Amino acid sequence: PDFKYGKIDLKEFETKVSGQDSAADAVSLFDIGKGWFEVSKSNGGLVYVFERHVRYKIINKNGYDLADMEIQLYHNSDGDQEKLEFIHGATYNLVNNKIEISKIGSDAKFSNRLDKNYTMKKFTLPNVKEGSIIEFNYRTTSDFTFKLDDWYFQGSYPCKYSSFTLTIPEYFRYKINAGGYVPILQVAPEDINQSFYISSTNTSQAGTVNARAVKTQYYAKDIPAIKNESYITTLRDYISRIGFEKTSANFPNQGYKDYTSTWPKIITELLDYENFGGYMKKNNYPKGFLEGIVKGETDPEKKMNLIFNYVKNNIKWDDKYDEYTKATSQKAVIEKKSGNSAEINLLLYSLLRDAGLECYPVLLSTRSNGAHPGYPMATNFNNVIIESAIGDKKYLLDAVDKNHVSNMIDYQNLNHQGLKINVDAITGEWIPIEFSNPSRTSIFYNLKLDTDNKFSGTLYLSSNNYAGLRQRDKYQSAATEQEYLKNYKADKTGLEISNYKIVNLNDPEQALEESMDITIEDNIEEAGNLSYFMPLLFERTKENPFTLIERNFPVDFAYPSEESYRVVIDFPATYALEKLPKSEKFKLPDDAGSFTIMYATEDHKISVLSKINFVKSTFTADEYYNLKELFKNIVRKQSEQIVFKKS
């Protein structure tokens, strides 16, 4: 393809998409990125320059969002910043076999301050229609050269050709982090010469410095769109991409500086950093503070739980994940009674350690942040929890939620592995971050059906582990119990509730139990003297969460689960059972999961039991088809109807 900006070939208007992307709303004709380094005119240091040129063919109205370009820019309190140097953009429409050009207007450029560090630049192209070709070309410079922004070869639309070329001067060394299922090809690296113009200073004259550099191009062709699918960590784990993190710098007359070449080096940097190691070491909480929590307890496990319970019940999480603290003082966090995940959990670490307990910070990447590649990369972490060891037992602790218990951490932290840091030995060890106990949900309807097709009776719910955590958080986040029940009924047509009771709300070690009296209307259809209804009422699985014909990435439920629904219905003597669905059981290979639905009748009573069980949390792409078929049967069987005939 010809990558010259503004040079459009008439054949590009004829571009079509076939195969698995035949229904695509747009297609990227090419997406070209280039990165290199230049000398900053303001401070004389090297800055990273990035330029992107992308061109799309719009197929239908659903692709119009591509006409809106957003560029996020960061700056810090030290004056370092990212800047947008320029942006060009245009829409091309074919009219009477001639190309009409519509450029970005000055009134289509917006700037939005997101917070004290981030600004969003927005640009909108005019005159976009079905069949238009649009393109953008922009350049940014950045003072931040440690972690270069990832280049994504794959996105929401298919792409004919994507390429990224990076030129690195001899002064820097970077490690590569690549991922995804589309093959990333590479042109042989090329050694080139670069010239850097250095401005004059008080001690030196202006001049040009020549340096060797390595230029490497990475590319991919005919890239399919990536489609979101249920039960994944984040699409970022599966999109074909490439990223770079600096390992070292070596400037003339300045010596060699190692950044992140090894885990001990990374850990040393973390422990020396004021907002990680410095925060842990200060221990500036008030005198007698720890003693007031422990209260003379000598049993290690009880002492651990006293400290854990104090932190999780008294320091409120601000809903921000971070491996670094914003505050540099533990005392400030205690007085404020709130903090990010690092401030809370590193306070927990300090208290446990001061109480004489063996404990370790555990760095991890949350599910939404993506999997850590496992090799020395500092920037892929975004959270920290604590491991406490008592004898042969190890406990993972995460104090951001008062409903957490030992070994039950925030859902986002269930990303399979974390780096446990031994502060004294300055070493790291990868440990599993898994929750092996199933989260159980049990729902029991005991109902009586009257001749007006109205159900009345009781509903009992029991949930533990992550299912219980989810229900507790819902109840406690509601302003009132009435609001909670209103939210519960929102998607349950015809349900009315009275005499609601909740048990074990403030005891997360126990299953949460809810009970209520209920009436249900408008859930039975009539045709003549026949009545039809789906016996699982509000609890059935309405859609198969797995829709792809094939799937390249694993299915990740995060934890094992068991969902059990039981419905007992006492129906009128004037009703005869016309049709009862067949009981069936479906199993995955190696008993990794199962679905059972059973029907039983006695006199004028029907009993239905539906049970879905997964004994493991992760399934490979090879197991996808069997999992998809299992859910297909769940949807089919749970939607089967019971039919009554009125006499």
# chains A, B, ... in the order shown; residues from 1 in each chain; ligands from 1
>>> residues_around(residues="Ser261 of chain A", least_positions_apart="4", cutoff="7 Å", atoms="only C-alpha atoms", output="number ranges by chain")
A: 247, 265, 376
>>> residues_around(residues="Arg551 of chain A", least_positions_apart="5", cutoff="10 Å", atoms="only C-alpha atoms", output="ChimeraX atom specification")
/A:227,229,546,620-625
>>> residues_around(residues="segment 191-193 of chain A", least_positions_apart="3", cutoff="6 Å", atoms="only C-alpha atoms", output="MDAnalysis selection string")
chainID A and resid 211:214
>>> write_last_selection(atoms="N, CA, C and O atoms", output="tab-separated table (two decimals), in the first residue's frame")
chain	number	residue	atom	x	y	z
A	211	ALA	N	25.58	9.16	16.47
A	211	ALA	CA	25.41	7.94	17.26
A	211	ALA	C	24.86	6.83	16.38
A	211	ALA	O	24.18	7.08	15.38
A	212	ARG	N	25.21	5.62	16.75
A	212	ARG	CA	24.65	4.46	16.07
A	212	ARG	C	23.25	4.19	16.64
A	212	ARG	O	22.96	4.51	17.79
A	213	ALA	N	22.40	3.60	15.83
A	213	ALA	CA	21.05	3.25	16.27
A	213	ALA	C	20.61	1.99	15.55
A	213	ALA	O	21.16	1.62	14.50
A	214	VAL	N	19.64	1.33	16.12
A	214	VAL	CA	19.07	0.11	15.52
A	214	VAL	C	17.62	0.40	15.17
A	214	VAL	O	16.82	0.80	16.02
>>> residues_around(residues="segment 68-85 of chain A", least_positions_apart="5", cutoff="9 Å", atoms="only C-alpha atoms", output="VMD selection string")
chain A and resid 116 to 125 136 138 to 144
>>> write_last_selection(atoms="all heavy atoms", output="short mmCIF file (atom, residue, chain, number, x, y, z; two decimals), in the first residue's frame")
data_model
loop_
_atom_site.label_atom_id
_atom_site.label_comp_id
_atom_site.auth_asym_id
_atom_site.auth_seq_id
_atom_site.Cartn_x
_atom_site.Cartn_y
_atom_site.Cartn_z
N LYS A 116 -5.85 16.12 37.14
CA LYS A 116 -4.69 17.01 37.24
C LYS A 116 -3.51 16.53 36.40
O LYS A 116 -2.58 17.31 36.15
CB LYS A 116 -4.26 17.13 38.70
CG LYS A 116 -3.73 15.84 39.32
CD LYS A 116 -3.28 16.07 40.75
CE LYS A 116 -2.68 14.80 41.35
NZ LYS A 116 -2.20 15.03 42.74
N ASN A 117 -3.54 15.27 35.94
CA ASN A 117 -2.42 14.74 35.16
C ASN A 117 -2.75 14.45 33.70
O ASN A 117 -1.84 14.38 32.87
CB ASN A 117 -1.88 13.46 35.80
CG ASN A 117 -1.29 13.70 37.17
OD1 ASN A 117 -1.80 13.19 38.16
ND2 ASN A 117 -0.25 14.50 37.26
N TYR A 118 -4.02 14.25 33.37
CA TYR A 118 -4.37 13.80 32.02
C TYR A 118 -5.26 14.81 31.30
O TYR A 118 -6.20 15.37 31.88
CB TYR A 118 -5.10 12.45 32.08
CG TYR A 118 -4.20 11.29 32.41
CD1 TYR A 118 -4.08 10.83 33.72
CD2 TYR A 118 -3.45 10.65 31.42
CE1 TYR A 118 -3.25 9.76 34.03
CE2 TYR A 118 -2.62 9.59 31.72
CZ TYR A 118 -2.53 9.15 33.03
OH TYR A 118 -1.70 8.10 33.33
N THR A 119 -4.95 15.01 30.02
CA THR A 119 -5.76 15.83 29.13
C THR A 119 -6.12 15.00 27.90
O THR A 119 -5.29 14.26 27.38
CB THR A 119 -5.00 17.09 28.69
OG1 THR A 119 -4.66 17.85 29.85
CG2 THR A 119 -5.84 17.95 27.76
N MET A 120 -7.37 15.11 27.46
CA MET A 120 -7.81 14.38 26.28
C MET A 120 -8.03 15.36 25.13
O MET A 120 -8.77 16.32 25.27
CB MET A 120 -9.11 13.63 26.56
CG MET A 120 -9.60 12.79 25.38
SD MET A 120 -8.56 11.32 25.12
CE MET A 120 -9.19 10.26 26.45
N LYS A 121 -7.34 15.12 24.02
CA LYS A 121 -7.54 15.89 22.80
C LYS A 121 -8.49 15.10 21.90
O LYS A 121 -8.27 13.91 21.66
CB LYS A 121 -6.22 16.13 22.07
CG LYS A 121 -5.17 16.88 22.89
CD LYS A 121 -5.48 18.36 22.98
CE LYS A 121 -4.34 19.13 23.64
NZ LYS A 121 -4.62 20.57 23.73
N LYS A 122 -9.55 15.78 21.39
CA LYS A 122 -10.54 15.10 20.56
C LYS A 122 -10.67 15.81 19.22
O LYS A 122 -10.68 17.04 19.16
CB LYS A 122 -11.90 15.07 21.26
CG LYS A 122 -11.90 14.31 22.58
CD LYS A 122 -13.29 14.26 23.19
CE LYS A 122 -13.30 13.49 24.50
NZ LYS A 122 -14.66 13.41 25.08
N PHE A 123 -10.79 15.01 18.15
CA PHE A 123 -10.89 15.55 16.80
C PHE A 123 -11.97 14.78 16.05
O PHE A 123 -12.03 13.55 16.14
CB PHE A 123 -9.54 15.43 16.07
CG PHE A 123 -8.40 16.03 16.84
CD1 PHE A 123 -7.69 15.27 17.76
CD2 PHE A 123 -8.06 17.35 16.67
CE1 PHE A 123 -6.65 15.81 18.49
CE2 PHE A 123 -7.00 17.91 17.39
CZ PHE A 123 -6.30 17.15 18.30
N THR A 124 -12.80 15.51 15.30
CA THR A 124 -13.90 14.88 14.57
C THR A 124 -13.84 15.27 13.10
O THR A 124 -13.77 16.45 12.76
CB THR A 124 -15.25 15.31 15.17
OG1 THR A 124 -15.31 14.91 16.54
CG2 THR A 124 -16.40 14.67 14.41
N LEU A 125 -13.89 14.24 12.25
CA LEU A 125 -13.87 14.49 10.81
C LEU A 125 -15.28 14.80 10.30
O LEU A 125 -16.25 14.22 10.77
CB LEU A 125 -13.32 13.27 10.07
CG LEU A 125 -11.83 12.98 10.25
CD1 LEU A 125 -11.46 11.68 9.55
CD2 LEU A 125 -10.99 14.12 9.68
N PHE A 136 -6.12 9.75 9.46
CA PHE A 136 -5.50 10.64 10.43
C PHE A 136 -3.99 10.45 10.37
O PHE A 136 -3.49 9.34 10.12
CB PHE A 136 -5.96 10.33 11.85
CG PHE A 136 -7.38 10.70 12.16
CD1 PHE A 136 -8.39 9.76 12.10
CD2 PHE A 136 -7.70 12.00 12.53
CE1 PHE A 136 -9.70 10.09 12.40
CE2 PHE A 136 -9.01 12.35 12.83
CZ PHE A 136 -10.01 11.40 12.76
N TYR A 138 -0.82 11.95 12.94
CA TYR A 138 -0.47 12.85 14.04
C TYR A 138 0.87 12.45 14.64
O TYR A 138 1.37 11.34 14.43
CB TYR A 138 -1.56 12.87 15.11
CG TYR A 138 -1.80 11.55 15.82
CD1 TYR A 138 -1.08 11.19 16.96
CD2 TYR A 138 -2.78 10.66 15.37
CE1 TYR A 138 -1.31 10.00 17.61
CE2 TYR A 138 -3.03 9.46 16.01
CZ TYR A 138 -2.28 9.14 17.14
OH TYR A 138 -2.50 7.95 17.78
N ARG A 139 1.44 13.39 15.40
CA ARG A 139 2.74 13.15 16.04
C ARG A 139 2.70 13.67 17.47
O ARG A 139 2.15 14.74 17.74
CB ARG A 139 3.86 13.85 15.28
CG ARG A 139 5.25 13.65 15.91
CD ARG A 139 6.32 14.44 15.17
NE ARG A 139 6.48 13.96 13.81
CZ ARG A 139 7.30 14.52 12.92
NH1 ARG A 139 8.00 15.61 13.25
NH2 ARG A 139 7.40 14.01 11.70
N THR A 140 3.29 12.90 18.38
CA THR A 140 3.43 13.31 19.78
C THR A 140 4.88 13.22 20.20
O THR A 140 5.67 12.45 19.61
CB THR A 140 2.58 12.44 20.72
OG1 THR A 140 3.03 11.07 20.62
CG2 THR A 140 1.11 12.53 20.39
N THR A 141 5.25 14.00 21.19
CA THR A 141 6.57 13.86 21.83
C THR A 141 6.34 13.63 23.31
O THR A 141 5.38 14.14 23.90
CB THR A 141 7.44 15.10 21.63
OG1 THR A 141 6.78 16.24 22.19
CG2 THR A 141 7.72 15.34 20.16
N SER A 142 7.23 12.87 23.92
CA SER A 142 7.06 12.52 25.32
C SER A 142 8.39 12.56 26.05
O SER A 142 9.41 12.05 25.57
CB SER A 142 6.46 11.11 25.43
OG SER A 142 6.44 10.68 26.78
N ASP A 143 8.36 13.18 27.24
CA ASP A 143 9.55 13.17 28.11
C ASP A 143 9.70 11.83 28.82
O ASP A 143 10.72 11.58 29.46
CB ASP A 143 9.43 14.28 29.16
CG ASP A 143 9.50 15.67 28.55
OD1 ASP A 143 10.31 15.86 27.63
OD2 ASP A 143 8.74 16.55 28.99
N PHE A 144 8.69 10.97 28.71
CA PHE A 144 8.69 9.69 29.43
C PHE A 144 9.23 8.60 28.50
O PHE A 144 8.55 8.16 27.58
CB PHE A 144 7.28 9.36 29.91
CG PHE A 144 6.65 10.48 30.70
CD1 PHE A 144 5.72 11.32 30.11
CD2 PHE A 144 7.02 10.71 32.01
CE1 PHE A 144 5.15 12.36 30.81
CE2 PHE A 144 6.46 11.75 32.73
CZ PHE A 144 5.53 12.59 32.13
#
>>> residues_around(residues="Val615 of chain A", least_positions_apart="4", cutoff="9 Å", atoms="only C-alpha atoms", output="MDAnalysis selection string")
chainID A and resid 436:438 559:562 591:594
>>> write_last_selection(atoms="C-alpha atoms", output="PDB file, in the first residue's frame")
ATOM      1  CA  SER A 436      -9.918 -23.213  44.750  1.00  0.00           C
ATOM      2  CA  ASN A 437     -13.097 -23.436  46.855  1.00  0.00           C
ATOM      3  CA  PRO A 438     -16.318 -23.217  44.830  1.00  0.00           C
ATOM      4  CA  TYR A 559     -13.049 -19.257  40.477  1.00  0.00           C
ATOM      5  CA  PRO A 560     -14.960 -22.585  40.620  1.00  0.00           C
ATOM      6  CA  SER A 561     -18.707 -22.263  41.104  1.00  0.00           C
ATOM      7  CA  GLU A 562     -21.882 -24.159  41.854  1.00  0.00           C
ATOM      8  CA  ASP A 591     -15.763 -34.111  35.042  1.00  0.00           C
ATOM      9  CA  ALA A 592     -14.574 -30.495  34.775  1.00  0.00           C
ATOM     10  CA  GLY A 593     -18.180 -29.304  34.845  1.00  0.00           C
ATOM     11  CA  SER A 594     -21.747 -30.500  34.608  1.00  0.00           C
TER      12      SER A 594
END
>>> select_by_dssp(residues="segment 15-69 of chain A", states="helix (DSSP H, G or I)", output="list in words")
Gly19, Gln20, Asp21, Lys61, Asn62, Gly63, Tyr64, Asp65, Leu66 and Ala67 of chain A
>>> write_last_selection(atoms="all heavy atoms", output="tab-separated table (two decimals), in the first residue's frame")
chain	number	residue	atom	x	y	z
A	19	GLY	N	-14.82	-13.43	4.55
A	19	GLY	CA	-14.48	-14.38	5.60
A	19	GLY	C	-15.15	-14.05	6.91
A	19	GLY	O	-16.29	-13.58	6.95
A	20	GLN	N	-14.45	-14.28	8.00
A	20	GLN	CA	-15.04	-14.11	9.32
A	20	GLN	C	-15.41	-12.66	9.63
A	20	GLN	O	-16.19	-12.39	10.54
A	20	GLN	CB	-14.07	-14.63	10.40
A	20	GLN	CG	-12.79	-13.83	10.55
A	20	GLN	CD	-11.83	-14.47	11.52
A	20	GLN	OE1	-11.16	-15.47	11.21
A	20	GLN	NE2	-11.73	-13.92	12.71
A	21	ASP	N	-14.84	-11.70	8.89
A	21	ASP	CA	-15.15	-10.28	9.10
A	21	ASP	C	-16.06	-9.72	8.01
A	21	ASP	O	-16.10	-8.50	7.79
A	21	ASP	CB	-13.86	-9.46	9.17
A	21	ASP	CG	-13.08	-9.73	10.43
A	21	ASP	OD1	-13.68	-9.69	11.51
A	21	ASP	OD2	-11.86	-10.00	10.35
A	61	LYS	N	-22.97	2.79	8.72
A	61	LYS	CA	-23.09	3.83	9.75
A	61	LYS	C	-22.49	3.41	11.08
A	61	LYS	O	-22.06	4.27	11.87
A	61	LYS	CB	-24.57	4.19	9.94
A	61	LYS	CG	-25.20	4.88	8.74
A	61	LYS	CD	-26.67	5.19	8.99
A	61	LYS	CE	-27.28	5.87	7.77
A	61	LYS	NZ	-28.72	6.17	7.97
A	62	ASN	N	-22.46	2.13	11.35
A	62	ASN	CA	-21.91	1.67	12.63
A	62	ASN	C	-20.39	1.90	12.73
A	62	ASN	O	-19.82	1.77	13.80
A	62	ASN	CB	-22.21	0.19	12.84
A	62	ASN	CG	-23.70	-0.06	13.02
A	62	ASN	OD1	-24.41	0.79	13.56
A	62	ASN	ND2	-24.17	-1.20	12.55
A	63	GLY	N	-19.77	2.25	11.59
A	63	GLY	CA	-18.33	2.53	11.60
A	63	GLY	C	-18.01	4.01	11.72
A	63	GLY	O	-16.84	4.41	11.69
A	64	TYR	N	-19.05	4.84	11.88
A	64	TYR	CA	-18.84	6.29	11.93
A	64	TYR	C	-18.00	6.72	13.13
A	64	TYR	O	-17.41	7.81	13.12
A	64	TYR	CB	-20.17	7.04	11.97
A	64	TYR	CG	-20.92	7.09	10.66
A	64	TYR	CD1	-20.47	6.40	9.52
A	64	TYR	CD2	-22.10	7.81	10.53
A	64	TYR	CE1	-21.17	6.43	8.33
A	64	TYR	CE2	-22.81	7.86	9.34
A	64	TYR	CZ	-22.34	7.17	8.24
A	64	TYR	OH	-23.03	7.20	7.05
A	65	ASP	N	-17.96	5.90	14.19
A	65	ASP	CA	-17.19	6.29	15.38
A	65	ASP	C	-15.71	6.45	15.08
A	65	ASP	O	-14.98	7.13	15.81
A	65	ASP	CB	-17.39	5.26	16.50
A	65	ASP	CG	-16.87	3.88	16.14
A	65	ASP	OD1	-17.01	3.49	14.97
A	65	ASP	OD2	-16.32	3.20	17.03
A	66	LEU	N	-15.23	5.85	13.99
A	66	LEU	CA	-13.81	5.99	13.63
A	66	LEU	C	-13.46	7.41	13.20
A	66	LEU	O	-12.28	7.77	13.15
A	66	LEU	CB	-13.46	5.01	12.51
A	66	LEU	CG	-13.45	3.53	12.91
A	66	LEU	CD1	-13.34	2.64	11.68
A	66	LEU	CD2	-12.31	3.24	13.88
A	67	ALA	N	-14.46	8.22	12.91
A	67	ALA	CA	-14.21	9.61	12.54
A	67	ALA	C	-13.86	10.47	13.75
A	67	ALA	O	-13.48	11.63	13.59
A	67	ALA	CB	-15.42	10.19	11.82
>>> residues_around(residues="Lys605 of chain A", least_positions_apart="3", cutoff="8 Å", atoms="only C-alpha atoms", output="MDAnalysis selection string")
chainID A and resid 568:571 601:602
>>> atom_distance(atom1="atom CA of Ile426 of chain A", atom2="atom CA of Ala178 of chain A")
27.7 Å
>>> select_by_dssp(residues="segment 100-196 of chain A", states="strand (DSSP E or B)", output="number ranges by chain")
A: 100-103, 109-113, 118-124, 133-142, 147-152, 159-169, 172-179, 185-186, 190-196
>>> residues_around(residues="Thr15 of chain A", least_positions_apart="5", cutoff="9 Å", atoms="only C-alpha atoms", output="VMD selection string")
chain A and resid 27 29 57
>>> write_last_selection(atoms="C-alpha atoms", output="CSV table (one decimal), in the first residue's frame")
chain,number,residue,atom,x,y,z
A,27,VAL,CA,-11.9,-1.9,7.7
A,29,LEU,CA,-6.6,-0.1,5.0
A,57,LYS,CA,-12.8,2.5,4.7
